[in-house]
>>> print(open('entry-v7.csv').read())   # CSV, C-alpha atoms
chain,number,residue,atom,x,y,z
J,1,MET,CA,30.9,29.1,-22.1
J,2,THR,CA,31.9,32.2,-20.2
J,3,ALA,CA,35.1,33.8,-19.2
J,4,GLU,CA,35.3,31.1,-16.4
J,5,ASN,CA,35.5,28.1,-18.7
J,6,ALA,CA,36.5,24.6,-17.7
J,7,PRO,CA,40.1,24.2,-16.5
J,8,ILE,CA,40.6,21.4,-18.9
J,9,THR,CA,39.7,21.6,-22.6
J,10,VAL,CA,39.9,19.0,-25.3
J,11,LEU,CA,39.7,20.8,-28.6
J,12,GLY,CA,39.3,19.2,-32.0
J,13,ILE,CA,40.1,21.4,-34.9
J,14,GLY,CA,39.8,21.1,-38.6
J,15,ASN,CA,37.6,21.5,-41.6
J,16,ILE,CA,35.2,18.5,-42.0
J,17,LEU,CA,34.6,19.5,-45.7
J,18,LEU,CA,38.2,18.5,-46.6
J,19,SER,CA,38.3,14.8,-45.7
J,20,ASP,CA,41.3,14.2,-43.3
J,21,GLU,CA,41.6,17.9,-42.5
J,22,GLY,CA,38.6,17.3,-40.3
J,23,PHE,CA,40.4,14.6,-38.2
J,24,GLY,CA,40.4,16.6,-35.0
J,25,VAL,CA,36.7,17.3,-35.2
J,26,ARG,CA,35.9,13.7,-36.0
J,27,ALA,CA,38.0,12.6,-33.0
J,28,VAL,CA,36.1,14.9,-30.7
J,29,GLU,CA,32.8,13.7,-32.1
J,30,GLU,CA,33.9,10.1,-31.3
J,31,LEU,CA,35.0,11.1,-27.8
J,32,LEU,CA,31.6,12.7,-27.1
J,33,ARG,CA,29.8,9.7,-28.5
J,34,ARG,CA,31.7,7.2,-26.3
J,35,TYR,CA,32.5,9.0,-23.1
J,36,ARG,CA,31.1,11.2,-20.4
J,37,PHE,CA,33.3,13.9,-18.9
J,38,PRO,CA,33.1,15.4,-15.4
J,39,ALA,CA,32.5,19.1,-14.6
J,40,GLY,CA,35.7,21.0,-15.2
J,41,VAL,CA,36.3,19.3,-18.6
J,42,GLN,CA,35.0,20.8,-21.8
J,43,VAL,CA,35.2,18.9,-25.1
J,44,LEU,CA,34.8,21.2,-28.0
J,45,ASP,CA,34.5,21.0,-31.8
J,46,GLY,CA,36.6,24.0,-32.7
J,47,GLY,CA,36.2,23.5,-36.4
J,48,THR,CA,38.0,26.4,-38.1
J,49,LEU,CA,37.2,29.1,-35.6
J,50,GLY,CA,40.7,30.4,-35.1
J,51,MET,CA,40.7,33.5,-32.9
J,52,ASP,CA,37.0,33.0,-32.1
J,53,LEU,CA,38.2,30.2,-29.9
J,54,LEU,CA,39.5,32.8,-27.4
J,55,ARG,CA,36.2,33.0,-25.5
J,56,PHE,CA,36.1,29.2,-25.2
J,57,LEU,CA,39.6,28.9,-23.9
J,58,ALA,CA,39.8,31.7,-21.4
J,59,GLY,CA,40.3,30.0,-18.0
J,60,THR,CA,41.6,26.8,-19.4
J,61,GLN,CA,44.7,25.5,-17.6
J,62,ARG,CA,45.3,22.3,-19.6
J,63,LEU,CA,44.6,22.1,-23.3
J,64,LEU,CA,44.6,19.0,-25.5
J,65,VAL,CA,44.4,19.9,-29.2
J,66,ILE,CA,43.6,17.2,-31.7
J,67,ASP,CA,44.4,18.0,-35.3
J,68,ALA,CA,45.6,16.9,-38.7
J,69,ILE,CA,49.4,17.4,-38.6
J,70,ALA,CA,51.6,17.8,-41.6
J,71,GLY,CA,54.6,16.2,-40.0
J,72,GLY,CA,56.1,14.7,-43.1
J,73,GLY,CA,55.5,11.0,-42.1
J,74,PRO,CA,53.5,8.5,-44.0
J,75,PRO,CA,49.7,9.0,-43.9
J,76,GLY,CA,48.2,7.9,-40.6
J,77,THR,CA,51.4,8.6,-38.6
J,78,PHE,CA,50.5,9.5,-35.1
J,79,TYR,CA,52.1,12.6,-33.5
J,80,ARG,CA,52.2,13.9,-29.9
J,81,PHE,CA,53.8,17.2,-28.9
J,82,ALA,CA,54.1,18.3,-25.2
J,83,GLY,CA,56.2,20.8,-23.3
J,84,ASP,CA,58.8,22.5,-25.4
J,85,GLU,CA,57.8,20.4,-28.4
J,86,VAL,CA,54.6,22.4,-28.6
J,87,GLN,CA,56.5,25.6,-29.3
J,88,ALA,CA,58.6,23.8,-31.9
J,89,TYR,CA,55.4,22.4,-33.4
J,90,PHE,CA,54.0,25.9,-33.8
J,91,ARG,CA,57.3,27.3,-35.2
J,92,GLU,CA,57.5,24.5,-37.8
J,93,LYS,CA,53.9,25.1,-38.7
J,94,VAL,CA,53.1,21.4,-39.0
J,95,SER,CA,49.4,21.9,-38.0
J,96,LEU,CA,47.0,23.0,-40.6
J,97,HIS,CA,45.6,25.4,-37.9
J,98,GLU,CA,48.7,26.4,-35.9
J,99,LEU,CA,48.3,30.1,-36.5
J,100,GLY,CA,44.9,30.3,-35.0
J,101,ILE,CA,45.7,28.3,-31.9
J,102,LYS,CA,49.2,30.0,-31.6
J,103,ASP,CA,47.5,33.4,-31.7
J,104,VAL,CA,44.8,32.4,-29.2
J,105,LEU,CA,47.5,31.1,-26.7
J,106,ALA,CA,49.6,34.3,-27.2
J,107,VAL,CA,46.6,36.5,-26.4
J,108,LEU,CA,45.7,34.5,-23.3
J,109,ALA,CA,49.3,34.8,-22.1
J,110,SER,CA,49.4,38.5,-22.8
J,111,THR,CA,46.2,39.0,-20.8
J,112,GLY,CA,47.6,37.2,-17.8
J,113,ARG,CA,45.6,34.0,-18.4
J,114,PRO,CA,48.0,31.7,-20.0
J,115,VAL,CA,47.3,28.0,-20.6
J,116,ALA,CA,49.7,26.2,-18.3
J,117,GLU,CA,50.0,23.0,-20.2
J,118,VAL,CA,49.3,22.3,-23.9
J,119,VAL,CA,49.5,18.9,-25.6
J,120,VAL,CA,48.9,18.4,-29.3
J,121,ILE,CA,48.0,15.0,-30.8
J,122,GLY,CA,47.0,14.1,-34.3
J,123,ILE,CA,47.9,12.2,-37.5
J,124,GLN,CA,49.4,12.8,-40.8
J,125,PRO,CA,46.5,13.2,-43.3
J,126,ALA,CA,46.3,11.1,-46.4
J,127,SER,CA,44.1,13.5,-48.3
J,128,LEU,CA,42.9,17.1,-48.0
J,129,ASP,CA,40.6,16.8,-51.0
J,130,VAL,CA,37.0,17.9,-50.8
J,131,GLY,CA,35.0,15.2,-49.0
J,132,LEU,CA,32.9,14.7,-45.9
J,133,GLU,CA,34.5,11.3,-44.9
J,134,LEU,CA,37.9,10.5,-43.5
J,135,THR,CA,40.1,8.4,-45.8
J,136,PRO,CA,40.4,4.8,-44.8
J,137,VAL,CA,43.9,5.5,-43.4
J,138,ALA,CA,42.7,8.4,-41.2
J,139,ALA,CA,39.6,6.4,-40.1
J,140,ALA,CA,41.8,3.5,-39.0
J,141,ALA,CA,43.9,6.0,-37.0
J,142,LEU,CA,40.9,7.4,-35.2
J,143,GLU,CA,40.7,4.7,-32.6
J,144,GLY,CA,44.3,5.3,-31.6
J,145,ALA,CA,43.8,9.1,-31.3
J,146,VAL,CA,40.7,8.6,-29.2
J,147,ALA,CA,42.6,6.3,-26.9
J,148,ALA,CA,45.5,8.7,-26.7
J,149,ALA,CA,43.2,11.5,-25.8
J,150,VAL,CA,41.6,9.5,-23.0
J,151,ALA,CA,45.1,8.5,-21.8
J,152,GLU,CA,46.1,12.2,-21.7
J,153,LEU,CA,43.0,13.0,-19.6
J,154,VAL,CA,43.7,10.2,-17.2
J,155,ARG,CA,47.3,11.5,-16.9
J,156,TRP,CA,45.7,14.8,-15.9
J,157,GLN,CA,43.7,12.8,-13.3
J,158,VAL,CA,40.4,13.2,-15.1
J,159,GLU,CA,37.8,10.4,-14.5
J,160,VAL,CA,36.5,9.5,-17.9
J,161,SER,CA,33.6,7.1,-18.0
J,162,ALA,CA,32.2,5.2,-21.0
J,163,VAL,CA,28.7,6.0,-22.0
J,164,GLY,CA,26.5,3.3,-20.5
J,165,ASP,CA,28.7,2.8,-17.4
>>> encode(input="entry-v7.csv", output="structure tokens")
Amino acid sequence: MTAENAPITVLGIGNILLSDEGFGVRAVEELLRRYRFPAGVQVLDGGTLGMDLLRFLAGTQRLLVIDAIAGGGPPGTFYRFAGDEVQAYFREKVSLHELGIKDVLAVLASTGRPVAEVVVIGIQPASLDVGLELTPVAAAALEGAVAAAVAELVRWQVEVSAVGD
């Protein structure tokens, strides 16, 4: 992508080598497998890129972040943060990647290209142990996270179509 990236970005972040830590990436993989997105929407596997995400997010007006979230609830608990809750989310450092995303958003704002709306969704991980698969608890929560992501896009008036439609 260039400095004129899509105005809407869905960003899955996490390390797929650490089981549920890769929840955001796995959710994005599932979104891309099941749905087609119109021009103006980019769906990205942000992995553990941190500040390297800056070039992909420049020009984004609405950002949906999907991540593993250490919110203190039981494994599999679903979280959604929007508006002022996003800043509290970053202050409380409940995401395993909040510093990278927080820094990227701060740089975009300081260069006069702030992201107007940020929504963060994710689940409480059950395990961060080495492993390529999600735990059964996280795998079971994947469907709900994908549905929540699609619902957020629909709220933003994005026409999402299922693959095969």
>>> atom_distance(input="entry-v7.csv", atom1="CA of Ala162 (chain J)", atom2="CA of Leu63 (chain J)")
21.1 Å
>>> residues_around(input="entry-v7.csv", residues="Gln157 (chain J)", least_positions_apart="3", cutoff="12 Å", atoms="all atoms listed in the file", output="ChimeraX atom specification")
/J:8,37-38,40-41,62,150-154,160
>>> residues_near_point(input="entry-v7.csv", point="(35.2, 16.1, -51.1)", cutoff="10 Å", atoms="all atoms listed in the file", output="list in words")
Ile16, Leu17, Leu18, Ser19, Ser127, Leu128, Asp129, Val130, Gly131, Leu132, Glu133 and Leu134 of chain J
>>> closest_residue(input="entry-v7.csv", among="J:Pro7, J:Glu159, J:Val43, J:Glu21", to="Thr135 (chain J)", atoms="only C-alpha atoms")
J:Glu21
>>> closest_residue(input="entry-v7.csv", among="J:Gly100, J:Gly47, J:Gly71, J:Gly76", to="Leu142 (chain J)", atoms="all atoms listed in the file")
J:Gly76
>>> closest_residue(input="entry-v7.csv", among="J:Val104, J:Val65, J:Ala82, J:Val28", to="Met51 (chain J)", atoms="all atoms listed in the file")
J:Val104
>>> build_atoms(input="entry-v7.csv", residues="region 113-139 of chain J", atoms="N, CA, C and O atoms", output="PDB file, keeping the file's coordinate frame")
ATOM      1  N   ARG J 113      46.301  35.276 -18.532  1.00  0.00           N
ATOM      2  CA  ARG J 113      45.600  34.000 -18.400  1.00  0.00           C
ATOM      3  C   ARG J 113      46.142  32.929 -19.256  1.00  0.00           C
ATOM      4  O   ARG J 113      45.431  32.343 -20.069  1.00  0.00           O
ATOM      5  N   PRO J 114      47.444  32.659 -19.123  1.00  0.00           N
ATOM      6  CA  PRO J 114      48.000  31.700 -20.000  1.00  0.00           C
ATOM      7  C   PRO J 114      47.542  30.251 -19.725  1.00  0.00           C
ATOM      8  O   PRO J 114      47.131  29.946 -18.611  1.00  0.00           O
ATOM      9  N   VAL J 115      47.570  29.421 -20.756  1.00  0.00           N
ATOM     10  CA  VAL J 115      47.300  28.000 -20.600  1.00  0.00           C
ATOM     11  C   VAL J 115      48.562  27.360 -20.075  1.00  0.00           C
ATOM     12  O   VAL J 115      49.605  27.463 -20.725  1.00  0.00           O
ATOM     13  N   ALA J 116      48.508  26.729 -18.905  1.00  0.00           N
ATOM     14  CA  ALA J 116      49.700  26.200 -18.300  1.00  0.00           C
ATOM     15  C   ALA J 116      50.312  25.015 -18.998  1.00  0.00           C
ATOM     16  O   ALA J 116      51.531  24.861 -19.044  1.00  0.00           O
ATOM     17  N   GLU J 117      49.468  24.165 -19.570  1.00  0.00           N
ATOM     18  CA  GLU J 117      50.000  23.000 -20.200  1.00  0.00           C
ATOM     19  C   GLU J 117      49.183  22.731 -21.524  1.00  0.00           C
ATOM     20  O   GLU J 117      47.957  22.717 -21.506  1.00  0.00           O
ATOM     21  N   VAL J 118      49.916  22.555 -22.617  1.00  0.00           N
ATOM     22  CA  VAL J 118      49.300  22.300 -23.900  1.00  0.00           C
ATOM     23  C   VAL J 118      49.910  20.999 -24.459  1.00  0.00           C
ATOM     24  O   VAL J 118      51.132  20.845 -24.476  1.00  0.00           O
ATOM     25  N   VAL J 119      49.044  20.085 -24.888  1.00  0.00           N
ATOM     26  CA  VAL J 119      49.500  18.900 -25.600  1.00  0.00           C
ATOM     27  C   VAL J 119      48.731  18.839 -26.900  1.00  0.00           C
ATOM     28  O   VAL J 119      47.539  19.141 -26.965  1.00  0.00           O
ATOM     29  N   VAL J 120      49.458  18.499 -27.955  1.00  0.00           N
ATOM     30  CA  VAL J 120      48.900  18.400 -29.300  1.00  0.00           C
ATOM     31  C   VAL J 120      49.047  16.983 -29.782  1.00  0.00           C
ATOM     32  O   VAL J 120      50.157  16.442 -29.736  1.00  0.00           O
ATOM     33  N   ILE J 121      47.946  16.374 -30.225  1.00  0.00           N
ATOM     34  CA  ILE J 121      48.000  15.000 -30.800  1.00  0.00           C
ATOM     35  C   ILE J 121      47.310  15.087 -32.177  1.00  0.00           C
ATOM     36  O   ILE J 121      46.448  15.932 -32.418  1.00  0.00           O
ATOM     37  N   GLY J 122      47.688  14.169 -33.040  1.00  0.00           N
ATOM     38  CA  GLY J 122      47.000  14.100 -34.300  1.00  0.00           C
ATOM     39  C   GLY J 122      47.736  13.132 -35.253  1.00  0.00           C
ATOM     40  O   GLY J 122      48.673  12.434 -34.839  1.00  0.00           O
ATOM     41  N   ILE J 123      47.281  13.114 -36.472  1.00  0.00           N
ATOM     42  CA  ILE J 123      47.900  12.200 -37.500  1.00  0.00           C
ATOM     43  C   ILE J 123      48.198  12.937 -38.751  1.00  0.00           C
ATOM     44  O   ILE J 123      47.650  13.998 -39.050  1.00  0.00           O
ATOM     45  N   GLN J 124      49.100  12.322 -39.486  1.00  0.00           N
ATOM     46  CA  GLN J 124      49.400  12.800 -40.800  1.00  0.00           C
ATOM     47  C   GLN J 124      48.257  12.469 -41.739  1.00  0.00           C
ATOM     48  O   GLN J 124      47.855  11.310 -41.849  1.00  0.00           O
ATOM     49  N   PRO J 125      47.643  13.482 -42.374  1.00  0.00           N
ATOM     50  CA  PRO J 125      46.500  13.200 -43.300  1.00  0.00           C
ATOM     51  C   PRO J 125      46.952  12.495 -44.533  1.00  0.00           C
ATOM     52  O   PRO J 125      48.077  12.675 -44.990  1.00  0.00           O
ATOM     53  N   ALA J 126      46.035  11.714 -45.077  1.00  0.00           N
ATOM     54  CA  ALA J 126      46.300  11.100 -46.400  1.00  0.00           C
ATOM     55  C   ALA J 126      45.780  11.935 -47.510  1.00  0.00           C
ATOM     56  O   ALA J 126      46.326  11.916 -48.602  1.00  0.00           O
ATOM     57  N   SER J 127      44.711  12.703 -47.253  1.00  0.00           N
ATOM     58  CA  SER J 127      44.100  13.500 -48.300  1.00  0.00           C
ATOM     59  C   SER J 127      43.462  14.756 -47.671  1.00  0.00           C
ATOM     60  O   SER J 127      42.875  14.683 -46.592  1.00  0.00           O
ATOM     61  N   LEU J 128      43.571  15.865 -48.381  1.00  0.00           N
ATOM     62  CA  LEU J 128      42.900  17.100 -48.000  1.00  0.00           C
ATOM     63  C   LEU J 128      41.909  17.507 -49.087  1.00  0.00           C
ATOM     64  O   LEU J 128      41.500  18.664 -49.165  1.00  0.00           O
ATOM     65  N   ASP J 129      41.528  16.543 -49.904  1.00  0.00           N
ATOM     66  CA  ASP J 129      40.600  16.800 -51.000  1.00  0.00           C
ATOM     67  C   ASP J 129      39.181  17.022 -50.405  1.00  0.00           C
ATOM     68  O   ASP J 129      38.878  16.601 -49.289  1.00  0.00           O
ATOM     69  N   VAL J 130      38.329  17.661 -51.188  1.00  0.00           N
ATOM     70  CA  VAL J 130      37.000  17.900 -50.800  1.00  0.00           C
ATOM     71  C   VAL J 130      36.292  16.524 -50.536  1.00  0.00           C
ATOM     72  O   VAL J 130      36.402  15.609 -51.354  1.00  0.00           O
ATOM     73  N   GLY J 131      35.650  16.392 -49.389  1.00  0.00           N
ATOM     74  CA  GLY J 131      35.000  15.200 -49.000  1.00  0.00           C
ATOM     75  C   GLY J 131      34.594  15.182 -47.564  1.00  0.00           C
ATOM     76  O   GLY J 131      35.348  15.701 -46.741  1.00  0.00           O
ATOM     77  N   LEU J 132      33.437  14.642 -47.247  1.00  0.00           N
ATOM     78  CA  LEU J 132      32.900  14.700 -45.900  1.00  0.00           C
ATOM     79  C   LEU J 132      33.460  13.512 -45.023  1.00  0.00           C
ATOM     80  O   LEU J 132      33.342  13.544 -43.802  1.00  0.00           O
ATOM     81  N   GLU J 133      34.020  12.494 -45.626  1.00  0.00           N
ATOM     82  CA  GLU J 133      34.500  11.300 -44.900  1.00  0.00           C
ATOM     83  C   GLU J 133      35.996  11.316 -44.750  1.00  0.00           C
ATOM     84  O   GLU J 133      36.715  11.800 -45.624  1.00  0.00           O
ATOM     85  N   LEU J 134      36.467  10.736 -43.645  1.00  0.00           N
ATOM     86  CA  LEU J 134      37.900  10.500 -43.500  1.00  0.00           C
ATOM     87  C   LEU J 134      38.326   9.429 -44.483  1.00  0.00           C
ATOM     88  O   LEU J 134      37.542   8.539 -44.816  1.00  0.00           O
ATOM     89  N   THR J 135      39.568   9.492 -44.942  1.00  0.00           N
ATOM     90  CA  THR J 135      40.100   8.400 -45.800  1.00  0.00           C
ATOM     91  C   THR J 135      40.200   7.156 -44.927  1.00  0.00           C
ATOM     92  O   THR J 135      40.213   7.233 -43.684  1.00  0.00           O
ATOM     93  N   PRO J 136      40.291   5.992 -45.541  1.00  0.00           N
ATOM     94  CA  PRO J 136      40.400   4.800 -44.800  1.00  0.00           C
ATOM     95  C   PRO J 136      41.646   4.805 -43.802  1.00  0.00           C
ATOM     96  O   PRO J 136      41.561   4.301 -42.679  1.00  0.00           O
ATOM     97  N   VAL J 137      42.738   5.420 -44.219  1.00  0.00           N
ATOM     98  CA  VAL J 137      43.900   5.500 -43.400  1.00  0.00           C
ATOM     99  C   VAL J 137      43.628   6.350 -42.127  1.00  0.00           C
ATOM    100  O   VAL J 137      43.958   5.957 -41.002  1.00  0.00           O
ATOM    101  N   ALA J 138      42.994   7.503 -42.306  1.00  0.00           N
ATOM    102  CA  ALA J 138      42.700   8.400 -41.200  1.00  0.00           C
ATOM    103  C   ALA J 138      41.602   7.726 -40.294  1.00  0.00           C
ATOM    104  O   ALA J 138      41.683   7.795 -39.055  1.00  0.00           O
ATOM    105  N   ALA J 139      40.617   7.098 -40.903  1.00  0.00           N
ATOM    106  CA  ALA J 139      39.600   6.400 -40.100  1.00  0.00           C
ATOM    107  C   ALA J 139      40.161   5.330 -39.263  1.00  0.00           C
ATOM    108  O   ALA J 139      39.763   5.155 -38.098  1.00  0.00           O
TER     109      ALA J 139
END
